[in-house]
Amino acid sequence: MSAQGIGIRPVVVPAVALVVLLGVWQAAHRIFHFNSIVLPAPTEIVAAFVKNAGSILTETGLTMFESVMGFIIGCGAAYLLAIAFVHSRTVQQAVYPYAVALKSTPLIAIAPLLVLWFGNGIASKIVMSALVAFFPVLVNSVSGLTAVDAEALDLMKSYSATRRQVLLKIRIPNSLSYLFPALKIASSLAVVGAVIGEFTGSTRGIGHLINTSSYYLDTALVFSAIGSISLGGILFFGFVAWFEKRIVFWQKA
Amino acid sequence: MTAHEQIVEAVNLSKTYPDGKVQALKDISFSVAKGEFISIIGPSGCGKSTLIKILGDITEPSMGTVRVNGLNARQARLKGMFSFVFQNPVLLPWRRVIENVSLPLEILHNGTRDPNSLLRVFGLEGFENAYPAQLSGGMKQRVALARALTFNPKILLMDEPFGAVDELNRAALDLDLARIWQEIGVTVFFVTHSISEAVFLADRVFVLSARPARLKTVLNISFPRPRNKELQETEPFQEVVRCLRKELE
């Protein structure tokens, strides 16, 4: 096979697998007469999407807006706190253990509180997104800002560099290769956070649409809404990954 | 400026690490003239790197003082008089070659050498815009050398700079270093594991003892300059190397 054949294989093989899966699903649905309330056929899901495209895309857009806002606020705050940690051991010793502990607690559980505090508009969803995005970025940023080659620091000391110069010229660039893997995780978590916030209490957003359609047993609409927000999440992740390749270009794949 | 003007004066340098009772250096004293090339050899782990770092005020001695041109080590460092080259080139991977070489100039503003002409001196013409990942080990170390000289330091502190470079490149780097040292008259402290490299480059070889390191022997090397690699094959050179090897044992 030619190099071209190798080049398209990674795209063709999973695409074929998907078509086969959908075909089996569709055939099984017809042969075994599945109840569409439990599991609709792929064609029914597509039909539900086409029929409700306007509202599905609008609500997905809203949820993605909440996710992106939460992501920016959560990641930004985490990175700034990481820089504060590097500059003050006291701050780090006081706060970091709790940050690490909170990283592994199910923050999703506080969603009802956030709705109570911030209302059932977009604010509570943005806060939820920001919170779940915050911790992985904090932990990785602290690693990236501190895991600096000791000889690079010696070198900077021999130039009598200030802490600010060390931060700008060594620590921050060094942190980027640690930061981006966390940003990729945070991009997915931010969407999860926004949807959970909407499940808990909202009048808008894809989470609200999924909730209400399930009350009406419109399972095909539930599926198309899930498909839509999944695609949104994948695009968000892909965008961050694309950005990583451009910014952390020196990192070997 | 006579040939014998002293530039570095070390008095009773001792270093004990605070965490334990490990004594790295003990009562090391010497004085070095401006423009001298000093090689430092000693058993591995004896504290050669510690000595270099104390001279350049990266590490503080537990006792003793370093004076450089009448200044203490800290004042000298703040004036940008020291420059380090480590075994690892320590290039910043996100910076191009020329940007790596210019790094000290962004911090110390007493640069007097043009980074581009330094790259030419080290045979790195055409690689100005390459990233470190695109260079071989020998080339990376040349970039590190060029970077060490951009800001016109008075004292070059080299810690096994060519230790990780292959034999052929190492010989070429030794020759380049000797040539540039003669051209610019910088004072060099050169830590190495290779006795013949130490002898080949040095005006004087300092031999340190095992830990705690004391200055055991100072040997004058009087082979005429410029030296070439054939010198290493000659009997007098081999004799000096044998003599130093005995000192180390």
# chains A, B, ... in the order shown; residues from 1 in each chain; ligands from 1
>>> residues_around(residues="Leu176 of chain A", least_positions_apart="4", cutoff="12 Å", atoms="only C-alpha atoms", output="MDAnalysis selection string")
(chainID A and resid 79 137 140:148 168 170:172 180:183 243:251) or (chainID B and resid 93:94)
>>> interface_residues(of="chain A", to="chain B", cutoff="7 Å", atoms="only C-alpha atoms", output="list in words")
Glu151, Ala152, Asp154, Leu155, Lys157, Ser158, Tyr159, Ser160, Ala161 and Trp250 of chain A
>>> write_last_selection(atoms="C-alpha atoms", output="PDB file, in the first residue's frame")
ATOM      1  CA  GLU A 151      20.816  24.150  36.491  1.00  0.00           C
ATOM      2  CA  ALA A 152      18.558  26.587  34.629  1.00  0.00           C
ATOM      3  CA  ASP A 154      21.669  28.292  38.714  1.00  0.00           C
ATOM      4  CA  LEU A 155      22.219  29.875  35.334  1.00  0.00           C
ATOM      5  CA  LYS A 157      21.219  33.169  39.432  1.00  0.00           C
ATOM      6  CA  SER A 158      24.605  33.627  37.796  1.00  0.00           C
ATOM      7  CA  TYR A 159      23.030  36.404  35.703  1.00  0.00           C
ATOM      8  CA  SER A 160      21.588  37.774  38.980  1.00  0.00           C
ATOM      9  CA  ALA A 161      18.089  37.489  37.506  1.00  0.00           C
ATOM     10  CA  TRP A 250       8.890  22.061  21.395  1.00  0.00           C
TER      11      TRP A 250
END
>>> residues_around(residues="Phe200 of chain B", least_positions_apart="3", cutoff="9 Å", atoms="only C-alpha atoms", output="PyMOL selection string")
chain B and resi 174+195-197+203+221+223+227-229+231-232+237
>>> write_last_selection(atoms="all heavy atoms", output="mmCIF file, in the first residue's frame")
data_model
loop_
_atom_site.group_PDB
_atom_site.id
_atom_site.type_symbol
_atom_site.label_atom_id
_atom_site.label_comp_id
_atom_site.auth_asym_id
_atom_site.auth_seq_id
_atom_site.Cartn_x
_atom_site.Cartn_y
_atom_site.Cartn_z
ATOM 1 N N ASP B 174 37.471 21.373 22.595
ATOM 2 C CA ASP B 174 38.667 21.758 23.360
ATOM 3 C C ASP B 174 39.492 22.782 22.583
ATOM 4 O O ASP B 174 39.934 23.800 23.137
ATOM 5 C CB ASP B 174 39.544 20.525 23.639
ATOM 6 C CG ASP B 174 38.967 19.654 24.745
ATOM 7 O OD1 ASP B 174 38.088 20.128 25.483
ATOM 8 O OD2 ASP B 174 39.398 18.487 24.860
ATOM 9 N N ILE B 195 41.934 13.576 32.527
ATOM 10 C CA ILE B 195 43.230 14.153 32.894
ATOM 11 C C ILE B 195 43.894 14.779 31.685
ATOM 12 O O ILE B 195 44.441 15.884 31.757
ATOM 13 C CB ILE B 195 44.155 13.080 33.518
ATOM 14 C CG1 ILE B 195 43.508 12.530 34.791
ATOM 15 C CG2 ILE B 195 45.524 13.648 33.835
ATOM 16 C CD1 ILE B 195 44.260 11.364 35.402
ATOM 17 N N SER B 196 43.824 14.102 30.543
ATOM 18 C CA SER B 196 44.534 14.661 29.392
ATOM 19 C C SER B 196 43.847 15.936 28.889
ATOM 20 O O SER B 196 44.516 16.857 28.429
ATOM 21 C CB SER B 196 44.698 13.613 28.283
ATOM 22 O OG SER B 196 43.491 13.358 27.653
ATOM 23 N N GLU B 197 42.544 16.005 29.013
ATOM 24 C CA GLU B 197 41.852 17.255 28.648
ATOM 25 C C GLU B 197 42.292 18.381 29.602
ATOM 26 O O GLU B 197 42.555 19.506 29.166
ATOM 27 C CB GLU B 197 40.336 17.061 28.722
ATOM 28 C CG GLU B 197 39.532 18.265 28.240
ATOM 29 C CD GLU B 197 38.022 18.039 28.314
ATOM 30 O OE1 GLU B 197 37.535 17.507 29.339
ATOM 31 O OE2 GLU B 197 37.321 18.394 27.346
ATOM 32 N N ASP B 203 46.815 26.176 32.191
ATOM 33 C CA ASP B 203 48.071 26.751 32.636
ATOM 34 C C ASP B 203 48.500 26.066 33.924
ATOM 35 O O ASP B 203 49.672 25.827 34.155
ATOM 36 C CB ASP B 203 47.913 28.250 32.911
ATOM 37 C CG ASP B 203 47.652 29.032 31.640
ATOM 38 O OD1 ASP B 203 48.235 28.676 30.602
ATOM 39 O OD2 ASP B 203 46.835 29.972 31.689
ATOM 40 N N ILE B 221 51.541 23.745 34.025
ATOM 41 C CA ILE B 221 51.662 23.096 32.722
ATOM 42 C C ILE B 221 52.283 24.113 31.782
ATOM 43 O O ILE B 221 51.681 25.151 31.504
ATOM 44 C CB ILE B 221 50.277 22.681 32.170
ATOM 45 C CG1 ILE B 221 49.477 21.897 33.213
ATOM 46 C CG2 ILE B 221 50.440 21.916 30.863
ATOM 47 C CD1 ILE B 221 50.020 20.533 33.543
ATOM 48 N N PHE B 223 53.538 23.667 28.551
ATOM 49 C CA PHE B 223 53.624 23.429 27.103
ATOM 50 C C PHE B 223 53.277 24.708 26.361
ATOM 51 O O PHE B 223 52.343 25.421 26.750
ATOM 52 C CB PHE B 223 52.673 22.308 26.670
ATOM 53 C CG PHE B 223 52.990 20.990 27.309
ATOM 54 C CD1 PHE B 223 52.095 20.404 28.201
ATOM 55 C CD2 PHE B 223 54.185 20.353 27.037
ATOM 56 C CE1 PHE B 223 52.392 19.207 28.806
ATOM 57 C CE2 PHE B 223 54.483 19.136 27.637
ATOM 58 C CZ PHE B 223 53.587 18.570 28.528
ATOM 59 N N ARG B 227 48.442 25.139 21.490
ATOM 60 C CA ARG B 227 48.698 23.697 21.519
ATOM 61 C C ARG B 227 47.802 23.023 20.494
ATOM 62 O O ARG B 227 46.704 23.483 20.235
ATOM 63 C CB ARG B 227 48.399 23.152 22.913
ATOM 64 C CG ARG B 227 49.264 23.808 23.987
ATOM 65 C CD ARG B 227 48.798 23.419 25.378
ATOM 66 N NE ARG B 227 49.546 24.171 26.396
ATOM 67 C CZ ARG B 227 49.192 24.215 27.676
ATOM 68 N NH1 ARG B 227 48.119 23.553 28.094
ATOM 69 N NH2 ARG B 227 49.915 24.904 28.535
ATOM 70 N N ASN B 228 48.312 21.945 19.925
ATOM 71 C CA ASN B 228 47.443 21.187 19.047
ATOM 72 C C ASN B 228 47.329 19.757 19.542
ATOM 73 O O ASN B 228 48.025 19.348 20.470
ATOM 74 C CB ASN B 228 47.917 21.254 17.591
ATOM 75 C CG ASN B 228 49.339 20.756 17.463
ATOM 76 O OD1 ASN B 228 49.730 19.816 18.158
ATOM 77 N ND2 ASN B 228 50.112 21.395 16.601
ATOM 78 N N LYS B 229 46.453 19.007 18.925
ATOM 79 C CA LYS B 229 46.135 17.675 19.454
ATOM 80 C C LYS B 229 47.314 16.696 19.370
ATOM 81 O O LYS B 229 47.351 15.720 20.097
ATOM 82 C CB LYS B 229 44.896 17.120 18.751
ATOM 83 C CG LYS B 229 43.599 17.723 19.304
ATOM 84 C CD LYS B 229 43.261 17.151 20.686
ATOM 85 C CE LYS B 229 42.221 18.022 21.397
ATOM 86 N NZ LYS B 229 41.891 17.514 22.745
ATOM 87 N N LEU B 231 50.158 17.263 20.399
ATOM 88 C CA LEU B 231 50.858 17.390 21.680
ATOM 89 C C LEU B 231 50.537 16.222 22.602
ATOM 90 O O LEU B 231 51.401 15.717 23.319
ATOM 91 C CB LEU B 231 50.478 18.720 22.340
ATOM 92 C CG LEU B 231 50.955 18.938 23.779
ATOM 93 C CD1 LEU B 231 52.477 19.077 23.829
ATOM 94 C CD2 LEU B 231 50.301 20.165 24.390
ATOM 95 N N GLN B 232 49.280 15.786 22.529
ATOM 96 C CA GLN B 232 48.828 14.736 23.443
ATOM 97 C C GLN B 232 49.547 13.402 23.221
ATOM 98 O O GLN B 232 49.545 12.547 24.088
ATOM 99 C CB GLN B 232 47.317 14.531 23.304
ATOM 100 C CG GLN B 232 46.539 15.777 23.630
ATOM 101 C CD GLN B 232 45.078 15.499 23.922
ATOM 102 O OE1 GLN B 232 44.648 14.360 23.936
ATOM 103 N NE2 GLN B 232 44.316 16.544 24.157
ATOM 104 N N PHE B 237 54.038 15.047 27.420
ATOM 105 C CA PHE B 237 52.625 15.201 27.774
ATOM 106 C C PHE B 237 52.138 13.961 28.530
ATOM 107 O O PHE B 237 51.515 14.067 29.592
ATOM 108 C CB PHE B 237 51.801 15.402 26.489
ATOM 109 C CG PHE B 237 50.354 15.758 26.742
ATOM 110 C CD1 PHE B 237 49.944 17.082 26.806
ATOM 111 C CD2 PHE B 237 49.396 14.764 26.909
ATOM 112 C CE1 PHE B 237 48.608 17.405 27.032
ATOM 113 C CE2 PHE B 237 48.069 15.076 27.152
ATOM 114 C CZ PHE B 237 47.672 16.405 27.212
#
>>> atom_distance(atom1="atom CA of Asn116 of chain B", atom2="atom CA of Ser175 of chain A")
29.2 Å
>>> select_by_dssp(residues="segment 1-241 of chain B", states="strand (DSSP E or B)", output="PDB file with N, CA and C atoms, in the first residue's frame")
ATOM      1  N   GLN B   6      46.351  39.553  39.995  1.00  0.00           N
ATOM      2  CA  GLN B   6      45.459  38.530  40.547  1.00  0.00           C
ATOM      3  C   GLN B   6      44.011  38.912  40.306  1.00  0.00           C
ATOM      4  N   ILE B   7      43.181  37.943  39.946  1.00  0.00           N
ATOM      5  CA  ILE B   7      41.770  38.246  39.779  1.00  0.00           C
ATOM      6  C   ILE B   7      40.914  37.505  40.809  1.00  0.00           C
ATOM      7  N   VAL B   8      41.273  36.236  41.088  1.00  0.00           N
ATOM      8  CA  VAL B   8      40.484  35.466  42.058  1.00  0.00           C
ATOM      9  C   VAL B   8      41.367  35.069  43.224  1.00  0.00           C
ATOM     10  N   GLU B   9      40.851  35.317  44.423  1.00  0.00           N
ATOM     11  CA  GLU B   9      41.590  34.981  45.627  1.00  0.00           C
ATOM     12  C   GLU B   9      40.645  34.190  46.531  1.00  0.00           C
ATOM     13  N   ALA B  10      40.948  32.900  46.718  1.00  0.00           N
ATOM     14  CA  ALA B  10      40.098  32.083  47.592  1.00  0.00           C
ATOM     15  C   ALA B  10      40.875  31.817  48.866  1.00  0.00           C
ATOM     16  N   VAL B  11      40.226  32.055  50.013  1.00  0.00           N
ATOM     17  CA  VAL B  11      40.900  31.866  51.290  1.00  0.00           C
ATOM     18  C   VAL B  11      40.114  30.913  52.174  1.00  0.00           C
ATOM     19  N   ASN B  12      40.737  29.791  52.501  1.00  0.00           N
ATOM     20  CA  ASN B  12      40.182  28.825  53.467  1.00  0.00           C
ATOM     21  C   ASN B  12      38.732  28.423  53.180  1.00  0.00           C
ATOM     22  N   LEU B  13      38.420  28.140  51.934  1.00  0.00           N
ATOM     23  CA  LEU B  13      37.049  27.749  51.608  1.00  0.00           C
ATOM     24  C   LEU B  13      36.733  26.381  52.189  1.00  0.00           C
ATOM     25  N   SER B  14      35.638  26.325  52.952  1.00  0.00           N
ATOM     26  CA  SER B  14      35.146  25.047  53.459  1.00  0.00           C
ATOM     27  C   SER B  14      33.658  25.001  53.202  1.00  0.00           C
ATOM     28  N   LYS B  15      33.169  23.807  52.991  1.00  0.00           N
ATOM     29  CA  LYS B  15      31.725  23.665  52.797  1.00  0.00           C
ATOM     30  C   LYS B  15      31.253  22.399  53.496  1.00  0.00           C
ATOM     31  N   THR B  16      30.336  22.587  54.442  1.00  0.00           N
ATOM     32  CA  THR B  16      29.677  21.459  55.080  1.00  0.00           C
ATOM     33  C   THR B  16      28.202  21.595  54.761  1.00  0.00           C
ATOM     34  N   GLN B  23      31.118  16.802  54.803  1.00  0.00           N
ATOM     35  CA  GLN B  23      31.966  17.936  54.497  1.00  0.00           C
ATOM     36  C   GLN B  23      32.481  17.794  53.075  1.00  0.00           C
ATOM     37  N   ALA B  24      32.161  18.757  52.237  1.00  0.00           N
ATOM     38  CA  ALA B  24      32.530  18.657  50.826  1.00  0.00           C
ATOM     39  C   ALA B  24      33.911  19.258  50.574  1.00  0.00           C
ATOM     40  N   LEU B  25      34.154  20.427  51.148  1.00  0.00           N
ATOM     41  CA  LEU B  25      35.429  21.102  50.918  1.00  0.00           C
ATOM     42  C   LEU B  25      36.065  21.465  52.255  1.00  0.00           C
ATOM     43  N   LYS B  26      37.394  21.472  52.273  1.00  0.00           N
ATOM     44  CA  LYS B  26      38.071  21.797  53.518  1.00  0.00           C
ATOM     45  C   LYS B  26      39.287  22.662  53.230  1.00  0.00           C
ATOM     46  N   ASP B  27      39.242  23.882  53.744  1.00  0.00           N
ATOM     47  CA  ASP B  27      40.411  24.777  53.716  1.00  0.00           C
ATOM     48  C   ASP B  27      41.079  24.911  52.357  1.00  0.00           C
ATOM     49  N   ILE B  28      40.318  25.272  51.381  1.00  0.00           N
ATOM     50  CA  ILE B  28      40.906  25.441  50.046  1.00  0.00           C
ATOM     51  C   ILE B  28      41.283  26.908  49.846  1.00  0.00           C
ATOM     52  N   SER B  29      42.540  27.127  49.552  1.00  0.00           N
ATOM     53  CA  SER B  29      43.016  28.492  49.300  1.00  0.00           C
ATOM     54  C   SER B  29      43.839  28.510  48.032  1.00  0.00           C
ATOM     55  N   PHE B  30      43.677  29.529  47.253  1.00  0.00           N
ATOM     56  CA  PHE B  30      44.516  29.697  46.062  1.00  0.00           C
ATOM     57  C   PHE B  30      44.321  31.109  45.544  1.00  0.00           C
ATOM     58  N   SER B  31      45.226  31.528  44.667  1.00  0.00           N
ATOM     59  CA  SER B  31      44.929  32.753  43.950  1.00  0.00           C
ATOM     60  C   SER B  31      45.258  32.532  42.482  1.00  0.00           C
ATOM     61  N   VAL B  32      44.491  33.168  41.657  1.00  0.00           N
ATOM     62  CA  VAL B  32      44.562  32.929  40.224  1.00  0.00           C
ATOM     63  C   VAL B  32      44.729  34.259  39.513  1.00  0.00           C
ATOM     64  N   ALA B  33      45.628  34.265  38.533  1.00  0.00           N
ATOM     65  CA  ALA B  33      45.908  35.498  37.805  1.00  0.00           C
ATOM     66  C   ALA B  33      44.895  35.705  36.695  1.00  0.00           C
ATOM     67  N   PHE B  37      44.171  29.859  32.829  1.00  0.00           N
ATOM     68  CA  PHE B  37      43.275  28.732  32.581  1.00  0.00           C
ATOM     69  C   PHE B  37      43.581  27.664  33.621  1.00  0.00           C
ATOM     70  N   ILE B  38      42.629  27.433  34.519  1.00  0.00           N
ATOM     71  CA  ILE B  38      42.816  26.466  35.602  1.00  0.00           C
ATOM     72  C   ILE B  38      41.942  25.246  35.340  1.00  0.00           C
ATOM     73  N   SER B  39      42.554  24.067  35.269  1.00  0.00           N
ATOM     74  CA  SER B  39      41.751  22.845  35.221  1.00  0.00           C
ATOM     75  C   SER B  39      41.672  22.278  36.626  1.00  0.00           C
ATOM     76  N   ILE B  40      40.507  21.724  36.958  1.00  0.00           N
ATOM     77  CA  ILE B  40      40.326  21.134  38.285  1.00  0.00           C
ATOM     78  C   ILE B  40      39.968  19.667  38.111  1.00  0.00           C
ATOM     79  N   ILE B  41      40.784  18.798  38.692  1.00  0.00           N
ATOM     80  CA  ILE B  41      40.470  17.374  38.657  1.00  0.00           C
ATOM     81  C   ILE B  41      40.426  16.836  40.084  1.00  0.00           C
ATOM     82  N   MET B  63      32.624  28.349  55.355  1.00  0.00           N
ATOM     83  CA  MET B  63      33.670  29.222  55.889  1.00  0.00           C
ATOM     84  C   MET B  63      34.566  29.654  54.748  1.00  0.00           C
ATOM     85  N   GLY B  64      35.272  30.756  54.975  1.00  0.00           N
ATOM     86  CA  GLY B  64      36.212  31.222  53.973  1.00  0.00           C
ATOM     87  C   GLY B  64      35.596  32.275  53.062  1.00  0.00           C
ATOM     88  N   THR B  65      36.443  32.869  52.239  1.00  0.00           N
ATOM     89  CA  THR B  65      35.970  33.958  51.384  1.00  0.00           C
ATOM     90  C   THR B  65      36.522  33.820  49.973  1.00  0.00           C
ATOM     91  N   VAL B  66      35.777  34.388  49.058  1.00  0.00           N
ATOM     92  CA  VAL B  66      36.238  34.511  47.680  1.00  0.00           C
ATOM     93  C   VAL B  66      36.281  36.002  47.364  1.00  0.00           C
ATOM     94  N   ARG B  67      37.397  36.464  46.868  1.00  0.00           N
ATOM     95  CA  ARG B  67      37.490  37.859  46.430  1.00  0.00           C
ATOM     96  C   ARG B  67      37.772  37.866  44.942  1.00  0.00           C
ATOM     97  N   VAL B  68      37.068  38.716  44.243  1.00  0.00           N
ATOM     98  CA  VAL B  68      37.280  38.820  42.809  1.00  0.00           C
ATOM     99  C   VAL B  68      37.524  40.284  42.482  1.00  0.00           C
ATOM    100  N   LEU B  71      36.362  42.638  44.954  1.00  0.00           N
ATOM    101  CA  LEU B  71      34.959  42.552  45.368  1.00  0.00           C
ATOM    102  C   LEU B  71      34.718  41.209  46.032  1.00  0.00           C
ATOM    103  N   ASN B  72      33.649  41.120  46.853  1.00  0.00           N
ATOM    104  CA  ASN B  72      33.300  39.786  47.313  1.00  0.00           C
ATOM    105  C   ASN B  72      32.506  39.079  46.217  1.00  0.00           C
ATOM    106  N   PHE B  82      30.674  36.496  36.426  1.00  0.00           N
ATOM    107  CA  PHE B  82      30.781  35.040  36.312  1.00  0.00           C
ATOM    108  C   PHE B  82      29.884  34.516  35.205  1.00  0.00           C
ATOM    109  N   SER B  83      30.370  33.477  34.558  1.00  0.00           N
ATOM    110  CA  SER B  83      29.501  32.811  33.602  1.00  0.00           C
ATOM    111  C   SER B  83      29.714  31.307  33.718  1.00  0.00           C
ATOM    112  N   PHE B  84      28.605  30.559  33.738  1.00  0.00           N
ATOM    113  CA  PHE B  84      28.683  29.112  33.923  1.00  0.00           C
ATOM    114  C   PHE B  84      28.424  28.347  32.632  1.00  0.00           C
ATOM    115  N   VAL B  85      29.135  27.235  32.486  1.00  0.00           N
ATOM    116  CA  VAL B  85      28.765  26.251  31.466  1.00  0.00           C
ATOM    117  C   VAL B  85      28.710  24.904  32.177  1.00  0.00           C
ATOM    118  N   ILE B 155      35.090  35.769  34.392  1.00  0.00           N
ATOM    119  CA  ILE B 155      35.489  34.441  34.840  1.00  0.00           C
ATOM    120  C   ILE B 155      34.507  33.403  34.311  1.00  0.00           C
ATOM    121  N   LEU B 156      35.031  32.427  33.599  1.00  0.00           N
ATOM    122  CA  LEU B 156      34.210  31.385  33.023  1.00  0.00           C
ATOM    123  C   LEU B 156      34.343  30.142  33.900  1.00  0.00           C
ATOM    124  N   LEU B 157      33.214  29.687  34.436  1.00  0.00           N
ATOM    125  CA  LEU B 157      33.218  28.542  35.345  1.00  0.00           C
ATOM    126  C   LEU B 157      32.583  27.363  34.628  1.00  0.00           C
ATOM    127  N   MET B 158      33.396  26.367  34.316  1.00  0.00           N
ATOM    128  CA  MET B 158      32.906  25.282  33.472  1.00  0.00           C
ATOM    129  C   MET B 158      32.935  23.963  34.235  1.00  0.00           C
ATOM    130  N   ASP B 159      31.769  23.347  34.334  1.00  0.00           N
ATOM    131  CA  ASP B 159      31.644  22.113  35.117  1.00  0.00           C
ATOM    132  C   ASP B 159      31.461  20.921  34.182  1.00  0.00           C
ATOM    133  N   THR B 187      39.339  34.526  32.281  1.00  0.00           N
ATOM    134  CA  THR B 187      39.904  33.570  33.234  1.00  0.00           C
ATOM    135  C   THR B 187      38.978  32.363  33.295  1.00  0.00           C
ATOM    136  N   VAL B 188      39.564  31.147  33.223  1.00  0.00           N
ATOM    137  CA  VAL B 188      38.714  29.956  33.151  1.00  0.00           C
ATOM    138  C   VAL B 188      39.007  28.994  34.292  1.00  0.00           C
ATOM    139  N   PHE B 189      37.930  28.499  34.924  1.00  0.00           N
ATOM    140  CA  PHE B 189      38.028  27.337  35.809  1.00  0.00           C
ATOM    141  C   PHE B 189      37.294  26.199  35.107  1.00  0.00           C
ATOM    142  N   PHE B 190      38.002  25.102  34.888  1.00  0.00           N
ATOM    143  CA  PHE B 190      37.472  24.043  34.034  1.00  0.00           C
ATOM    144  C   PHE B 190      37.523  22.715  34.792  1.00  0.00           C
ATOM    145  N   VAL B 191      36.371  22.252  35.251  1.00  0.00           N
ATOM    146  CA  VAL B 191      36.308  20.965  35.944  1.00  0.00           C
ATOM    147  C   VAL B 191      36.183  19.864  34.912  1.00  0.00           C
ATOM    148  N   ARG B 204      47.480  25.817  34.768  1.00  0.00           N
ATOM    149  CA  ARG B 204      47.749  25.092  36.014  1.00  0.00           C
ATOM    150  C   ARG B 204      46.629  24.088  36.232  1.00  0.00           C
ATOM    151  N   VAL B 205      46.986  22.922  36.783  1.00  0.00           N
ATOM    152  CA  VAL B 205      45.976  21.925  37.127  1.00  0.00           C
ATOM    153  C   VAL B 205      45.891  21.853  38.643  1.00  0.00           C
ATOM    154  N   PHE B 206      44.671  22.022  39.161  1.00  0.00           N
ATOM    155  CA  PHE B 206      44.421  21.851  40.593  1.00  0.00           C
ATOM    156  C   PHE B 206      43.942  20.424  40.803  1.00  0.00           C
ATOM    157  N   VAL B 207      44.612  19.691  41.688  1.00  0.00           N
ATOM    158  CA  VAL B 207      44.176  18.334  42.008  1.00  0.00           C
ATOM    159  C   VAL B 207      43.533  18.353  43.390  1.00  0.00           C
ATOM    160  N   LEU B 208      42.273  17.951  43.452  1.00  0.00           N
ATOM    161  CA  LEU B 208      41.585  17.883  44.744  1.00  0.00           C
ATOM    162  C   LEU B 208      41.666  16.461  45.281  1.00  0.00           C
ATOM    163  N   ALA B 213      37.231  17.497  50.196  1.00  0.00           N
ATOM    164  CA  ALA B 213      38.247  17.856  49.220  1.00  0.00           C
ATOM    165  C   ALA B 213      39.168  18.950  49.741  1.00  0.00           C
ATOM    166  N   LEU B 215      42.890  21.027  48.532  1.00  0.00           N
ATOM    167  CA  LEU B 215      43.713  21.259  47.348  1.00  0.00           C
ATOM    168  C   LEU B 215      45.024  20.522  47.561  1.00  0.00           C
ATOM    169  N   LYS B 216      45.144  19.373  46.900  1.00  0.00           N
ATOM    170  CA  LYS B 216      46.234  18.459  47.186  1.00  0.00           C
ATOM    171  C   LYS B 216      47.505  18.874  46.455  1.00  0.00           C
ATOM    172  N   THR B 217      47.358  19.167  45.183  1.00  0.00           N
ATOM    173  CA  THR B 217      48.508  19.484  44.346  1.00  0.00           C
ATOM    174  C   THR B 217      48.128  20.568  43.354  1.00  0.00           C
ATOM    175  N   VAL B 218      49.080  21.443  43.081  1.00  0.00           N
ATOM    176  CA  VAL B 218      48.895  22.381  41.967  1.00  0.00           C
ATOM    177  C   VAL B 218      50.054  22.162  41.022  1.00  0.00           C
ATOM    178  N   LEU B 219      49.729  21.862  39.767  1.00  0.00           N
ATOM    179  CA  LEU B 219      50.783  21.544  38.807  1.00  0.00           C
ATOM    180  C   LEU B 219      50.802  22.581  37.692  1.00  0.00           C
ATOM    181  N   ASN B 220      51.974  23.202  37.475  1.00  0.00           N
ATOM    182  CA  ASN B 220      52.107  24.126  36.338  1.00  0.00           C
ATOM    183  C   ASN B 220      52.268  23.335  35.051  1.00  0.00           C
TER     184      ASN B 220
END
>>> residues_around(residues="segment 231-240 of chain A", least_positions_apart="6", cutoff="9 Å", atoms="only C-alpha atoms", output="list in words")
Thr60, Gly61, Met64, Val68, Phe180, Leu183, Lys184, Ile185, Ala186, Ser187, Ser188, Ala190, Val191 and Val192 of chain A
>>> write_last_selection(atoms="C-alpha atoms", output="short mmCIF file (atom, residue, chain, number, x, y, z; two decimals), in the first residue's frame")
data_model
loop_
_atom_site.label_atom_id
_atom_site.label_comp_id
_atom_site.auth_asym_id
_atom_site.auth_seq_id
_atom_site.Cartn_x
_atom_site.Cartn_y
_atom_site.Cartn_z
CA THR A 60 -26.18 23.55 23.12
CA GLY A 61 -24.77 26.98 22.34
CA MET A 64 -21.16 25.64 25.65
CA VAL A 68 -16.24 28.10 28.06
CA PHE A 180 -2.08 21.90 28.51
CA LEU A 183 -6.53 22.22 30.16
CA LYS A 184 -7.68 19.33 27.97
CA ILE A 185 -9.10 17.52 31.01
CA ALA A 186 -10.62 20.79 32.25
CA SER A 187 -12.31 21.45 28.90
CA SER A 188 -14.23 18.17 29.21
CA ALA A 190 -16.24 22.19 32.30
CA VAL A 191 -18.97 20.85 30.00
CA VAL A 192 -19.87 18.17 32.55
#
>>> residues_around(residues="segment 113-118 of chain A", least_positions_apart="4", cutoff="10 Å", atoms="only C-alpha atoms", output="VMD selection string")
chain A and resid 108 to 109 122 to 128 197 to 198 200 to 202
>>> atom_distance(atom1="atom CA of Gly126 of chain B", atom2="atom CA of Asp114 of chain B")
15.5 Å
>>> closest_residue(among="A:Leu138, A:Pro173, A:Phe199, A:Ala101", to="Ala84 of chain A", atoms="only C-alpha atoms")
A:Leu138
>>> closest_residue(among="A:Pro112, A:Lys169, A:Val86, A:Gly74", to="Val132 of chain A", atoms="only C-alpha atoms")
A:Gly74
